[in-house]
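Colleague: Attaching a single structure in structure tokens format; questions to follow.
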Amino acid sequence: MRTRARRAPAILIVSLVLLLAVGFVLATQVSGFLGISAEPVAAAPETASVASARTATAPTVGRVRLAEDEAGPRVRHAAAAFRKAVDDSGAEADGTLTVATGTDLGEGAGPEAYRATSDGPDIHLEAADAAGAAAGLFQLADRVRTARPLLTPDEDGEVQQPDLPLRLVDKGAAGVPGTAADWRTGEEYSHNSGQFSDAILSDAPFVDTEALAEDAEQFRTYVDHQLARGYNGIVMPGFLEYVTFDRFGDGDEFYGDEIYPTAEDPHVARALAMREHFGSMWRYAHDAGMRVYLGTDMLALSTPLQRYLDEHDLDAEDPDLWNIYAAGLEELLAEMPYVDGLMIRIGEGGRIYQLPGWDYWSQIEVTTPTAVKAMLDAFTTVAERQDREIIFRTWSVGVGAVGDLHTNPASYEEVLGDVHSDALIVSTKHVAGDFYSFLPLNPTLEVGGHRRIVELQSRREFEGFGALPNDLAAAYSAALTHLVTTNPDIEGVWTWNQDGGPIHAGPRTLYLREGFWQLWDLNSYAASRLAWDTSADPGEITADWARETFSSDPDTVRAIGEAMALSREAVLDGLYIEPFAENQVRALGLEIPPQTWLFEWDIVTGDTAVLSSVYAISKDRLEEAAEGGRDAIETAESMRRIIAGTDPSTWRDPLLREELLAAIDYEINLFRVLDDYRAMTMYHAEWLDTGTSRARERWQSARAAFEKSRASHVSTYGDDQAHPAFQFTAADIGARRADRDPAMAWLARGLLVLSLAGLILVRPLRIAVTRPWRLGRALREVPPKRWERAAVLVLPLVVLVLGRATLTWFAAPAHLVVTLGAWLLFALTLRLLIGRRDPFALWAVVGGIALVRSVILMAALANRGPGRYWYLFWTEPGPRTFYITVAFAGFGLLFVATALALRSAYGFIRRAAVGRVLIAAGVPVVLGGAGVAMMGTERALTVWNDQMALIPWGLSRILGITVHLGIPTSLPWFAVGCGAAAALVGVALSVRLRR
């Protein structure tokens with residue numbers, strides 16, 4: 001007994017040292033996992049300009065003459081566009097535009113090259129074939145619409161051709177449901193726009209031809225508009241829904257019916273119906289002069305296909321898997337000859353993109369260089385054989401070579417460096433990230449030997465979805481000028497007119513169909529103009545857009561140009577916190593967006609992780625970070641004065657003037673509430689950091705201003721689908737918790753004093769913590785008094801409940817259920833395991849360690865509450881490491897002290913005591929893990945985070961917390977396994993051995 005008594009202190013001391021060491025290692029691992037870093041970066045350049053005022057120029061020709069034997073549908077389509085432009089101009093011109101093909105334009109002339117030569121009032125347009133003739137007609141039609149001279153002296157008689165021969169557009173808004181009932185039903189963050197959903201049926205005949213007829217008319221209008229804009233290709237969603245797999249086999253035998261058994265599976269009949277009815281739309285675009293590409297995520301799946309892949313144990317690195325998809329592509333290209341290729345994305349996917357009731361979806365499975373290479377090898381082989389093209393998008397989000405393929409030249413080289421095919425085109429966003437401002441140009445567009453196209457977004461999803469004036473012409477000009485000069489393999493652009501983000505989370509605006517779409521049509525027009533001529537003046541492009549869209553009056557055009565030249569400054573100051581946005585921030589192995597305080601789109605975030613990090617990175621320029629939104633308001637107000645100063649009678653449609661003024665009014669109102677919010681959050685973070693009374697006063701003042709401007713914003717725009725109010729749910733959650741920080745700090749101080757008093761004054765608790773190996777003897781020698789028995793039971797319970805409630809601002813019952821439930825299960829399990837013995841010693845050791853843990857936590861919370869606790873956790877490695885080290889040691893001390901107390905108070909041998917502790921530790925892990933697993937990992941994390949406001953609220957509304965952070969959904973079951981293993985080991989140790 002004396003030997004055991006001498007060894008027990010050593011066991012406790014050694015255990016504490018080991019626990020502190022393990023805690024330190026854990027703390028360093030946490031810091032490595034968070035990986036928060038910030039490095040200044042140079043944003044992509046853009047310098048706005050305003051074109052000089054000029055008088056509109058009327059066209060000199062009014063007729064088009066085509067050679068009947070050479071005028072195919074493509075040329076006739078372009079000629080009709082020219083005639084319409086002349087008719088819409090109202091000019092009466094006597095000249096004739098004669099179009100001829102079959103002309104040799106000399107060496108270096110591309111497919112769209114043409115030569116236009118003036119002959120008095122007439123113009124002769126010559127080209128090698130229909131592609132060049134149509135391109136020339138569309139270019140001249142654009143001159144008519146924008147009231148420019150049809151030919152300048154430098155162009156007259158000279159060969160003209162585009163700098164970038166491939167100019168693609170997205171799917172647009174044709175077939176997208178657009179009624180008020182379809183829009184803004186709440187937290188709508190699905191990425192499926194519902195395009196053509198009215199025409200797609202779940203059962204035979206699979207296509208509603210009447211609904212599709214209306215959609216097809218919208219599609220033809222869109223194609224005609226984009227051809228007139230100068231585009232020559234379109235990307236439409238689809239792939240698997242057109243495939244029957246009837247060509248899947250080894251050449252001697254075919255296995256398509258193993259995937260889709262023809263007699264009983266509707267996927268074959270559906271694919272045939274889709275080809276017949278939707279194929280006619282793709283054929284129209286192709287015949288009119290558009291290259292048609294279908295776009296898909298990979299892996300694309302249907303229920304039978306996934307079953308087949310699972311049964312044959314095929315994964316994305318297995319060439320046999322890609323043989324199946326290659327057979328599907330072979331079939332599609334053969335059966336739909338008007339489809340020019342396939343565009344593939346691997347970086348996003350999942351049910352968020354699935355059309356409800358539609359048995360086609362995607363999964364993110366192509367996540368390794370080996371898988372990417374296997375996929376591209378299979379697809380490009382088919383494309384080469386059929387003289388088509390594969391467009392591979394480098395967009396990816398994640399960790400590792402494929403995860404940063406989009407922005408890291410080294411990863412680009414690792415993944416694609418040895419992939420070579422003339423049929424392969426690599427498509428990449430023009431900035432190093434998503435379509436945010438403040439990002440540098442994408443460095444991967446300067447490397448590699450592949451054919452490349454540059455992705456541009458007209459309706460900027462993170463900058464109001466096109467509801468705000470936002471002239472990107474200068475940004476596009478600077479990007480394309482630099483990239484084309486740097487990389488001669490860049491041959492095109494892909495402009496998104498409607499695509500990007502959850503369509504129903506933004507304004508009810510549909511390109512060419514609904515709302516003030518003309519506002520972002522400027523960017524689509526600029527992208528096409530610059531792709532044709534990268535040296536074009538951005539200011540002139542904006543003026544031409546204004547002249548075509550709003551007015552031919554020189555003063556009005558000039559005023560619109562001046563306002564739009566200010567638009568970028570307003571957006572940058574109003575939607576970004578510049579001291580933060582000017583840095584490349586990384587955390588959790590991911591690149592953090594420069595606009596992360598709006599996470600994402602319309603969600604104003606309120607989480608501690610983002611707001612603490614924004615402040616920590618910006619605090620050297622705090623005034624700018626907190627008050628920078630005021631500059632945006634002043635700029636927008638200047639824009640409004642400029643537009644309001646124009647004469648309404650000079651506008652073709654005065655309603656468009658009112659639309660533009662309404663958009664600016666919305667912008668001013670929005671920037672005012674965002675300015676108040678950023679001031680409130682930055683000054684609150686300053687108070688958490690410094691504790692000064694000045695910081696607290698500024699925080700409270702901004703808090704009052706935010707409440708007022710938020711109410712104004714929501715009341716003015718809450719029901720306005722064209723100018724929707726932003727989503728403040730997350731912001732309100734964070735603001736309410738911030739309001740409680742001072743009170744929580746005082747409560748933590750009281751609980752800290754109470755905990756220390758209990759550990760010092762209540763003898764059983766003191767002994768249980770300092771000398772648990774003597775607890776039994778001490779209680780026998782001096783039995784506890786009645787008040788001590790009450791204190792041992794009540795004091796730790798009160799402190800434990802109130803302390804954890806303090807950590808959560810009394811606002812996170814889910815956290816309390818988990819933490820308090822774990823303590824309760826641990827204690828009750830041990831109570832059962834000691835049988836009929838007096839449990840007082842057990843309550844003393846568990847209660848004593850609970851107080852020790854509470855002292856550690858309350859000490860951290862006493863200094864400005866849970867807000868500062870989390871601020872330090874996210875931003876300060878030193879305090880974070882110290883706290884985790886000590887807190888882990890306190891956590892581990894529970895098990896060591898309890899085992900020593902079981903031996904001392906109840907006479908268990910060492911192995912039996914350890915065994916019972918392992919059982920008690922395993923039970924809450926098993927039950928808690930099982931509960932989370934049955935609830936669902938994503939749902940459980942969402943409920944917890946919605947109450948704690950630690951990471952962005954929007955994560956679970958978009959792709960999900962588990963997807964964003966790479967958390968395995970099977971993690972709760974892993975916890976169950978670990979807990980069960982611990983409990984089983986405990987049972988084995990607890991069984992009495994008999995000789």
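Ligands are numbered from 1 in the order shown, chains are lettered A, B, ... in the order of the structure tokens, and residues start at 1 in each chain.
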For region 453-466 of chain A, please output as a ChimeraX atom specification all residues within 6 Å (counting only C-alpha atoms; exclusion window: fewer than 3 positions along the same chain).
Modeller: /A:427-430,490-497,500,506,520,523-524,601
Colleague: Would you mind exporting N, CA and C atoms of the selected residues as a CSV table (one decimal), in the first residue's frame?
Modeller:
chain,number,residue,atom,x,y,z
A,427,SER,N,-9.8,25.8,-70.5
A,427,SER,CA,-10.5,27.0,-70.2
A,427,SER,C,-10.3,27.4,-68.8
A,428,THR,N,-10.0,28.7,-68.5
A,428,THR,CA,-9.6,29.1,-67.2
A,428,THR,C,-10.1,30.5,-66.9
A,429,LYS,N,-10.6,30.8,-65.7
A,429,LYS,CA,-11.0,32.1,-65.3
A,429,LYS,C,-9.9,33.1,-65.4
A,430,HIS,N,-10.2,34.3,-65.7
A,430,HIS,CA,-9.1,35.3,-66.0
A,430,HIS,C,-8.4,35.8,-64.7
A,490,ILE,N,-3.4,31.4,-76.3
A,490,ILE,CA,-4.8,31.9,-76.0
A,490,ILE,C,-5.5,32.2,-77.3
A,491,GLU,N,-6.6,31.5,-77.5
A,491,GLU,CA,-7.3,31.7,-78.8
A,491,GLU,C,-8.8,32.1,-78.6
A,492,GLY,N,-9.2,32.3,-77.4
A,492,GLY,CA,-10.6,32.7,-77.3
A,492,GLY,C,-11.0,33.1,-75.9
A,493,VAL,N,-12.3,33.4,-75.8
A,493,VAL,CA,-12.9,33.8,-74.5
A,493,VAL,C,-14.2,33.0,-74.4
A,494,TRP,N,-14.6,32.8,-73.1
A,494,TRP,CA,-16.0,32.2,-72.9
A,494,TRP,C,-16.6,33.2,-71.9
A,495,THR,N,-17.7,33.9,-72.4
A,495,THR,CA,-18.3,34.9,-71.6
A,495,THR,C,-19.6,34.4,-71.0
A,496,TRP,N,-19.8,34.6,-69.7
A,496,TRP,CA,-21.0,34.2,-69.0
A,496,TRP,C,-22.0,35.3,-69.0
A,497,ASN,N,-23.1,35.2,-69.6
A,497,ASN,CA,-24.1,36.3,-69.6
A,497,ASN,C,-25.1,36.1,-68.5
A,500,GLY,N,-23.5,31.6,-63.3
A,500,GLY,CA,-22.7,31.9,-62.1
A,500,GLY,C,-23.5,32.0,-60.9
A,506,GLY,N,-30.4,35.9,-56.3
A,506,GLY,CA,-30.2,37.3,-56.7
A,506,GLY,C,-31.4,37.9,-57.3
A,520,TRP,N,-25.8,44.8,-67.5
A,520,TRP,CA,-24.6,43.9,-67.6
A,520,TRP,C,-24.4,43.5,-69.0
A,523,ASN,N,-21.0,44.4,-70.4
A,523,ASN,CA,-19.9,43.6,-70.2
A,523,ASN,C,-19.8,42.5,-71.2
A,524,SER,N,-20.9,41.9,-71.6
A,524,SER,CA,-20.9,40.9,-72.7
A,524,SER,C,-20.5,41.6,-74.0
A,601,TRP,N,-22.5,35.9,-52.2
A,601,TRP,CA,-23.6,36.5,-52.9
A,601,TRP,C,-24.3,37.6,-52.1
Colleague: Please identify all polymer residues within 12 Å of Arg220 (chain A), counting only C-alpha atoms, omitting same-chain residues fewer than 6 positions from it, and present them as an MDAnalysis selection string.
Modeller: chainID A and resid 77 171:175 212:214 226:227 234 280:288 290 512
Colleague: Residues near region 152-162 of chain A, anyone? I mean within 8 Å using only C-alpha atoms, not counting same-chain ones fewer than 4 positions away, as a list of chain:residue names.
Modeller: A:Leu105, A:Ala109, A:Gly110, A:Glu112, A:Ala113, A:Tyr114, A:Arg115, A:Ala116, A:Thr117, A:Ser118, A:Ala531, A:Trp532, A:Asp533
Colleague: Emit the selected residues as a PDB file, in the first residue's frame, including N, CA, C and O atoms.
Modeller:
ATOM      1  N   LEU A 105      -7.744  35.591 -99.590  1.00  0.00           N
ATOM      2  CA  LEU A 105      -7.335  36.794 -98.867  1.00  0.00           C
ATOM      3  C   LEU A 105      -5.862  36.779 -98.482  1.00  0.00           C
ATOM      4  O   LEU A 105      -5.390  37.686 -97.803  1.00  0.00           O
ATOM      5  N   ALA A 109      -4.596  34.621 -93.372  1.00  0.00           N
ATOM      6  CA  ALA A 109      -6.020  34.897 -93.197  1.00  0.00           C
ATOM      7  C   ALA A 109      -6.703  33.708 -92.521  1.00  0.00           C
ATOM      8  O   ALA A 109      -6.591  32.572 -92.976  1.00  0.00           O
ATOM      9  N   GLY A 110      -7.410  33.973 -91.416  1.00  0.00           N
ATOM     10  CA  GLY A 110      -8.106  32.919 -90.699  1.00  0.00           C
ATOM     11  C   GLY A 110      -9.485  32.670 -91.248  1.00  0.00           C
ATOM     12  O   GLY A 110      -9.926  33.324 -92.206  1.00  0.00           O
ATOM     13  N   GLU A 112     -12.404  33.507 -90.261  1.00  0.00           N
ATOM     14  CA  GLU A 112     -13.355  34.614 -90.204  1.00  0.00           C
ATOM     15  C   GLU A 112     -12.812  35.893 -90.840  1.00  0.00           C
ATOM     16  O   GLU A 112     -13.383  36.966 -90.652  1.00  0.00           O
ATOM     17  N   ALA A 113     -11.748  35.776 -91.593  1.00  0.00           N
ATOM     18  CA  ALA A 113     -11.176  36.965 -92.231  1.00  0.00           C
ATOM     19  C   ALA A 113     -12.094  37.455 -93.358  1.00  0.00           C
ATOM     20  O   ALA A 113     -12.766  36.672 -94.029  1.00  0.00           O
ATOM     21  N   TYR A 114     -12.095  38.775 -93.543  1.00  0.00           N
ATOM     22  CA  TYR A 114     -12.867  39.383 -94.632  1.00  0.00           C
ATOM     23  C   TYR A 114     -12.164  40.677 -95.043  1.00  0.00           C
ATOM     24  O   TYR A 114     -11.316  41.219 -94.325  1.00  0.00           O
ATOM     25  N   ARG A 115     -12.570  41.183 -96.185  1.00  0.00           N
ATOM     26  CA  ARG A 115     -12.063  42.469 -96.663  1.00  0.00           C
ATOM     27  C   ARG A 115     -13.247  43.284 -97.156  1.00  0.00           C
ATOM     28  O   ARG A 115     -14.048  42.801 -97.978  1.00  0.00           O
ATOM     29  N   ALA A 116     -13.374  44.494 -96.636  1.00  0.00           N
ATOM     30  CA  ALA A 116     -14.450  45.406 -97.056  1.00  0.00           C
ATOM     31  C   ALA A 116     -13.814  46.612 -97.742  1.00  0.00           C
ATOM     32  O   ALA A 116     -12.899  47.236 -97.195  1.00  0.00           O
ATOM     33  N   THR A 117     -14.322  46.927 -98.927  1.00  0.00           N
ATOM     34  CA  THR A 117     -13.752  48.020 -99.720  1.00  0.00           C
ATOM     35  C   THR A 117     -14.873  48.965-100.146  1.00  0.00           C
ATOM     36  O   THR A 117     -15.924  48.509-100.625  1.00  0.00           O
ATOM     37  N   SER A 118     -14.660  50.251 -99.946  1.00  0.00           N
ATOM     38  CA  SER A 118     -15.683  51.223-100.324  1.00  0.00           C
ATOM     39  C   SER A 118     -15.577  51.544-101.813  1.00  0.00           C
ATOM     40  O   SER A 118     -14.497  51.528-102.406  1.00  0.00           O
ATOM     41  N   ALA A 531     -12.417  40.705 -77.677  1.00  0.00           N
ATOM     42  CA  ALA A 531     -11.932  39.441 -78.248  1.00  0.00           C
ATOM     43  C   ALA A 531     -11.661  39.599 -79.735  1.00  0.00           C
ATOM     44  O   ALA A 531     -10.749  38.976 -80.288  1.00  0.00           O
ATOM     45  N   TRP A 532     -12.448  40.437 -80.401  1.00  0.00           N
ATOM     46  CA  TRP A 532     -12.201  40.699 -81.820  1.00  0.00           C
ATOM     47  C   TRP A 532     -10.984  41.603 -81.984  1.00  0.00           C
ATOM     48  O   TRP A 532     -10.138  41.373 -82.832  1.00  0.00           O
ATOM     49  N   ASP A 533     -10.884  42.607 -81.131  1.00  0.00           N
ATOM     50  CA  ASP A 533      -9.779  43.577 -81.223  1.00  0.00           C
ATOM     51  C   ASP A 533      -9.323  43.909 -79.801  1.00  0.00           C
ATOM     52  O   ASP A 533      -9.931  44.744 -79.129  1.00  0.00           O
TER      53      ASP A 533
END
Colleague: Rank nothing, just name the residue among A:Arg672, A:Arg388, A:Arg7, A:Arg621 nearest to His713 (chain A), using only C-alpha atoms.
Modeller: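 Checking each candidate against His713 (chain A), we get A:Arg672 as the closest.
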Colleague: Write out as a CSV table (one decimal) with all heavy atoms, in the first residue's frame the residues lying within 7 Å of region 330-333 of chain A, counting only C-alpha atoms and excluding same-chain residues fewer than 4 positions away.
Modeller:
chain,number,residue,atom,x,y,z
A,242,TYR,N,-28.3,12.4,-73.1
A,242,TYR,CA,-28.4,12.2,-74.6
A,242,TYR,C,-27.8,10.8,-74.9
A,242,TYR,O,-27.8,10.4,-76.1
A,242,TYR,CB,-27.7,13.2,-75.4
A,242,TYR,CG,-28.3,14.6,-75.2
A,242,TYR,CD1,-27.7,15.5,-74.4
A,242,TYR,CD2,-29.4,15.0,-75.9
A,242,TYR,CE1,-28.2,16.8,-74.2
A,242,TYR,CE2,-30.0,16.3,-75.8
A,242,TYR,CZ,-29.4,17.2,-74.9
A,242,TYR,OH,-29.9,18.4,-74.7
A,243,VAL,N,-27.4,10.0,-74.0
A,243,VAL,CA,-26.6,8.8,-74.2
A,243,VAL,C,-27.4,7.6,-73.8
A,243,VAL,O,-28.0,7.5,-72.7
A,243,VAL,CB,-25.3,8.9,-73.4
A,243,VAL,CG1,-24.5,7.6,-73.5
A,243,VAL,CG2,-24.4,10.1,-73.9
A,247,ARG,N,-23.0,1.9,-77.7
A,247,ARG,CA,-21.7,1.7,-78.3
A,247,ARG,C,-20.7,1.2,-77.3
A,247,ARG,O,-19.5,1.1,-77.6
A,247,ARG,CB,-21.2,2.9,-79.0
A,247,ARG,CG,-22.1,3.4,-80.1
A,247,ARG,CD,-21.6,4.4,-81.0
A,247,ARG,NE,-22.5,4.9,-82.0
A,247,ARG,CZ,-22.2,5.4,-83.2
A,247,ARG,NH1,-20.9,5.5,-83.5
A,247,ARG,NH2,-23.2,5.7,-84.0
A,326,ALA,N,-16.3,7.3,-72.6
A,326,ALA,CA,-15.8,7.6,-74.0
A,326,ALA,C,-16.8,7.0,-75.0
A,326,ALA,O,-17.0,7.6,-76.1
A,326,ALA,CB,-14.4,7.0,-74.2
A,337,PRO,N,-24.4,15.3,-85.0
A,337,PRO,CA,-23.3,15.9,-85.7
A,337,PRO,C,-23.2,17.4,-85.6
A,337,PRO,O,-22.1,18.0,-86.0
A,337,PRO,CB,-23.6,15.5,-87.2
A,337,PRO,CG,-25.0,15.2,-87.2
A,337,PRO,CD,-25.4,14.7,-85.9
A,339,VAL,N,-23.2,19.0,-82.9
A,339,VAL,CA,-22.5,19.3,-81.6
A,339,VAL,C,-21.0,19.2,-81.9
A,339,VAL,O,-20.5,18.2,-82.4
A,339,VAL,CB,-22.9,18.3,-80.5
A,339,VAL,CG1,-22.0,18.4,-79.3
A,339,VAL,CG2,-24.4,18.4,-80.1
A,382,VAL,N,-11.5,10.2,-78.5
A,382,VAL,CA,-12.7,10.2,-79.3
A,382,VAL,C,-12.9,11.5,-80.1
A,382,VAL,O,-13.2,11.4,-81.3
A,382,VAL,CB,-13.9,10.1,-78.3
A,382,VAL,CG1,-15.3,10.2,-79.1
A,382,VAL,CG2,-13.9,8.7,-77.6
Colleague: What's around region 786-794 of chain A at 12 Å? Count only C-alpha atoms, leave out sequence neighbours fewer than 4 positions away in its own chain, and write the answer as an mmCIF file with C-alpha atoms, in the first residue's frame.
Modeller:
data_model
loop_
_atom_site.group_PDB
_atom_site.id
_atom_site.type_symbol
_atom_site.label_atom_id
_atom_site.label_comp_id
_atom_site.auth_asym_id
_atom_site.auth_seq_id
_atom_site.Cartn_x
_atom_site.Cartn_y
_atom_site.Cartn_z
ATOM 1 C CA LEU A 754 -16.713 30.601 -7.608
ATOM 2 C CA SER A 755 -14.697 27.741 -9.120
ATOM 3 C CA ALA A 757 -13.379 29.160 -4.097
ATOM 4 C CA GLY A 758 -14.850 25.690 -4.437
ATOM 5 C CA LEU A 759 -11.461 24.130 -5.138
ATOM 6 C CA LEU A 761 -12.682 25.807 0.445
ATOM 7 C CA VAL A 762 -14.453 22.507 -0.256
ATOM 8 C CA ARG A 763 -12.054 19.917 1.150
ATOM 9 C CA PRO A 764 -13.237 16.835 -0.812
ATOM 10 C CA LEU A 765 -12.941 18.760 -4.105
ATOM 11 C CA ARG A 766 -9.491 20.057 -3.173
ATOM 12 C CA ILE A 767 -8.200 16.587 -2.300
ATOM 13 C CA ALA A 768 -9.810 14.983 -5.363
ATOM 14 C CA LEU A 779 -12.852 10.733 3.355
ATOM 15 C CA VAL A 782 -12.601 12.923 8.117
ATOM 16 C CA VAL A 798 -23.874 24.900 -11.624
ATOM 17 C CA VAL A 799 -20.453 26.050 -12.802
ATOM 18 C CA LEU A 800 -20.364 23.466 -15.584
ATOM 19 C CA VAL A 801 -23.786 24.445 -16.958
ATOM 20 C CA ALA A 827 -20.396 10.241 -14.586
ATOM 21 C CA ASP A 838 -21.273 5.366 -1.836
ATOM 22 C CA PRO A 839 -20.743 7.503 -4.971
ATOM 23 C CA PHE A 840 -19.566 10.576 -3.052
ATOM 24 C CA ALA A 841 -15.879 10.061 -3.853
ATOM 25 C CA LEU A 842 -16.774 9.650 -7.523
ATOM 26 C CA TRP A 843 -18.783 12.882 -7.486
ATOM 27 C CA ALA A 844 -15.878 14.600 -5.775
ATOM 28 C CA VAL A 845 -13.259 13.662 -8.361
ATOM 29 C CA VAL A 846 -15.509 14.279 -11.370
ATOM 30 C CA GLY A 847 -16.750 17.544 -9.860
ATOM 31 C CA GLY A 848 -13.262 18.652 -8.920
ATOM 32 C CA ILE A 849 -11.878 18.133 -12.410
ATOM 33 C CA ALA A 850 -14.981 19.824 -13.841
ATOM 34 C CA LEU A 851 -14.073 22.865 -11.764
#
Colleague: Hey, what's within 8 Å of Ala822 (chain A) if we count only C-alpha atoms and toss same-chain stuff fewer than 4 positions away? As a PDB file with C-alpha atoms, in the first residue's frame, please?
Modeller:
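Ended up saving to result_20.pdb:
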ATOM      1  CA  VAL A 818     -23.242  17.605 -26.527  1.00  0.00           C
ATOM      2  CA  PHE A 826     -19.343   9.683 -18.187  1.00  0.00           C
ATOM      3  CA  PRO A 924     -20.562   9.113 -24.557  1.00  0.00           C
ATOM      4  CA  VAL A 925     -18.434   8.784 -27.681  1.00  0.00           C
ATOM      5  CA  GLY A 928     -22.874  10.892 -29.296  1.00  0.00           C
TER       6      GLY A 928
END
Colleague: Using only C-alpha atoms, determine which residues lie at most 7 Å from region 420-424 of chain A, disregarding the query and same-chain residues fewer than 4 positions distant; provide the list as a compact mmCIF listing (two decimals) with N, CA, C and O atoms, in the first residue's frame.
Modeller:
# COMPACT_ATOMS: atom_id res chain seq x y z
N THR A 380 -10.26 12.85 -75.39
CA THR A 380 -9.58 13.45 -76.55
C THR A 380 -9.35 12.43 -77.66
O THR A 380 -9.34 12.80 -78.84
N ALA A 383 -12.53 12.59 -79.51
CA ALA A 383 -12.65 13.87 -80.20
C ALA A 383 -11.75 13.93 -81.43
O ALA A 383 -12.16 14.44 -82.49
N GLU A 384 -10.54 13.44 -81.31
CA GLU A 384 -9.63 13.44 -82.45
C GLU A 384 -10.19 12.58 -83.58
O GLU A 384 -10.11 12.95 -84.76
N ARG A 388 -13.66 16.64 -83.45
CA ARG A 388 -14.37 17.53 -82.52
C ARG A 388 -13.38 18.00 -81.46
O ARG A 388 -12.18 17.73 -81.56
N GLU A 389 -13.90 18.67 -80.42
CA GLU A 389 -13.01 19.26 -79.42
C GLU A 389 -13.49 18.97 -78.00
O GLU A 389 -14.70 18.84 -77.75
N ILE A 390 -12.54 18.87 -77.10
CA ILE A 390 -12.81 18.74 -75.67
C ILE A 390 -12.31 20.01 -75.00
O ILE A 390 -11.14 20.38 -75.14
N ILE A 391 -13.19 20.68 -74.29
CA ILE A 391 -12.79 21.85 -73.50
C ILE A 391 -12.77 21.44 -72.04
O ILE A 391 -13.79 21.02 -71.48
N ARG A 451 -3.95 24.77 -76.17
CA ARG A 451 -4.87 25.78 -76.66
C ARG A 451 -5.66 26.29 -75.44
O ARG A 451 -6.11 25.51 -74.61
Colleague: Using only C-alpha atoms, which of A:Gly501, A:Pro879, A:Pro261, A:Pro237 sits nearest Val292 (chain A)?
Modeller: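 Answer, going by the shortest atom-to-atom distance: A:Pro237.
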Colleague: Which distance in Å separates CA of Thr103 (chain A) and CA of Ala58 (chain A), to one decimal?
Modeller: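 The value is 28.8 Å.
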Colleague: Can you tell me how far CA of Met744 (chain A) sits from CA of Trp870 (chain A), in Å to one decimal?
Modeller: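 These two atoms are separated by 13.2 Å.
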Colleague: Ranking A:Ile11, A:Ala644, A:Ile958, A:Leu201 by minimum distance to Pro502 (chain A) and counting only C-alpha atoms, which one comes first?
Modeller: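 Of the candidates, the smallest distance to Pro502 (chain A) is held by A:Ile958.
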Colleague: Which is closer to Ser396 (chain A) than all the others in A:Arg740, A:Arg749, A:Arg547, A:Arg345, using only C-alpha atoms?
Modeller: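 Among A:Arg740, A:Arg749, A:Arg547, A:Arg345, it is A:Arg345 that comes nearest to Ser396 (chain A).
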Colleague: Run DSSP on the backbone and give me the residues of region 367-500 of chain A it puts in strand (DSSP E or B), as a ChimeraX atom specification.
Modeller: /A:389-393,424-429,431,441,451-457,490-496
Colleague: May I ask which of the residues A:Gly718, A:Gly629, A:Gly238, A:Gly892 is the closest one to Glu569 (chain A), counting only C-alpha atoms?
Modeller: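 The shortest atom-to-atom distance to Glu569 (chain A) comes from A:Gly629.
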Colleague: What gap, in Å, lies between CA of Val714 (chain A) and CA of Ala679 (chain A)?
Modeller: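 Interatomic distance, CA of Val714 (chain A) to CA of Ala679 (chain A): 18.9 Å.
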Colleague: Under the rule that only C-alpha atoms are counted, which of A:Val61, A:Leu857, A:Val917, A:Ile733 is the nearest residue to Trp953 (chain A)?
Modeller: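 Using only C-alpha atoms, Trp953 (chain A) sits closest to A:Ile733.
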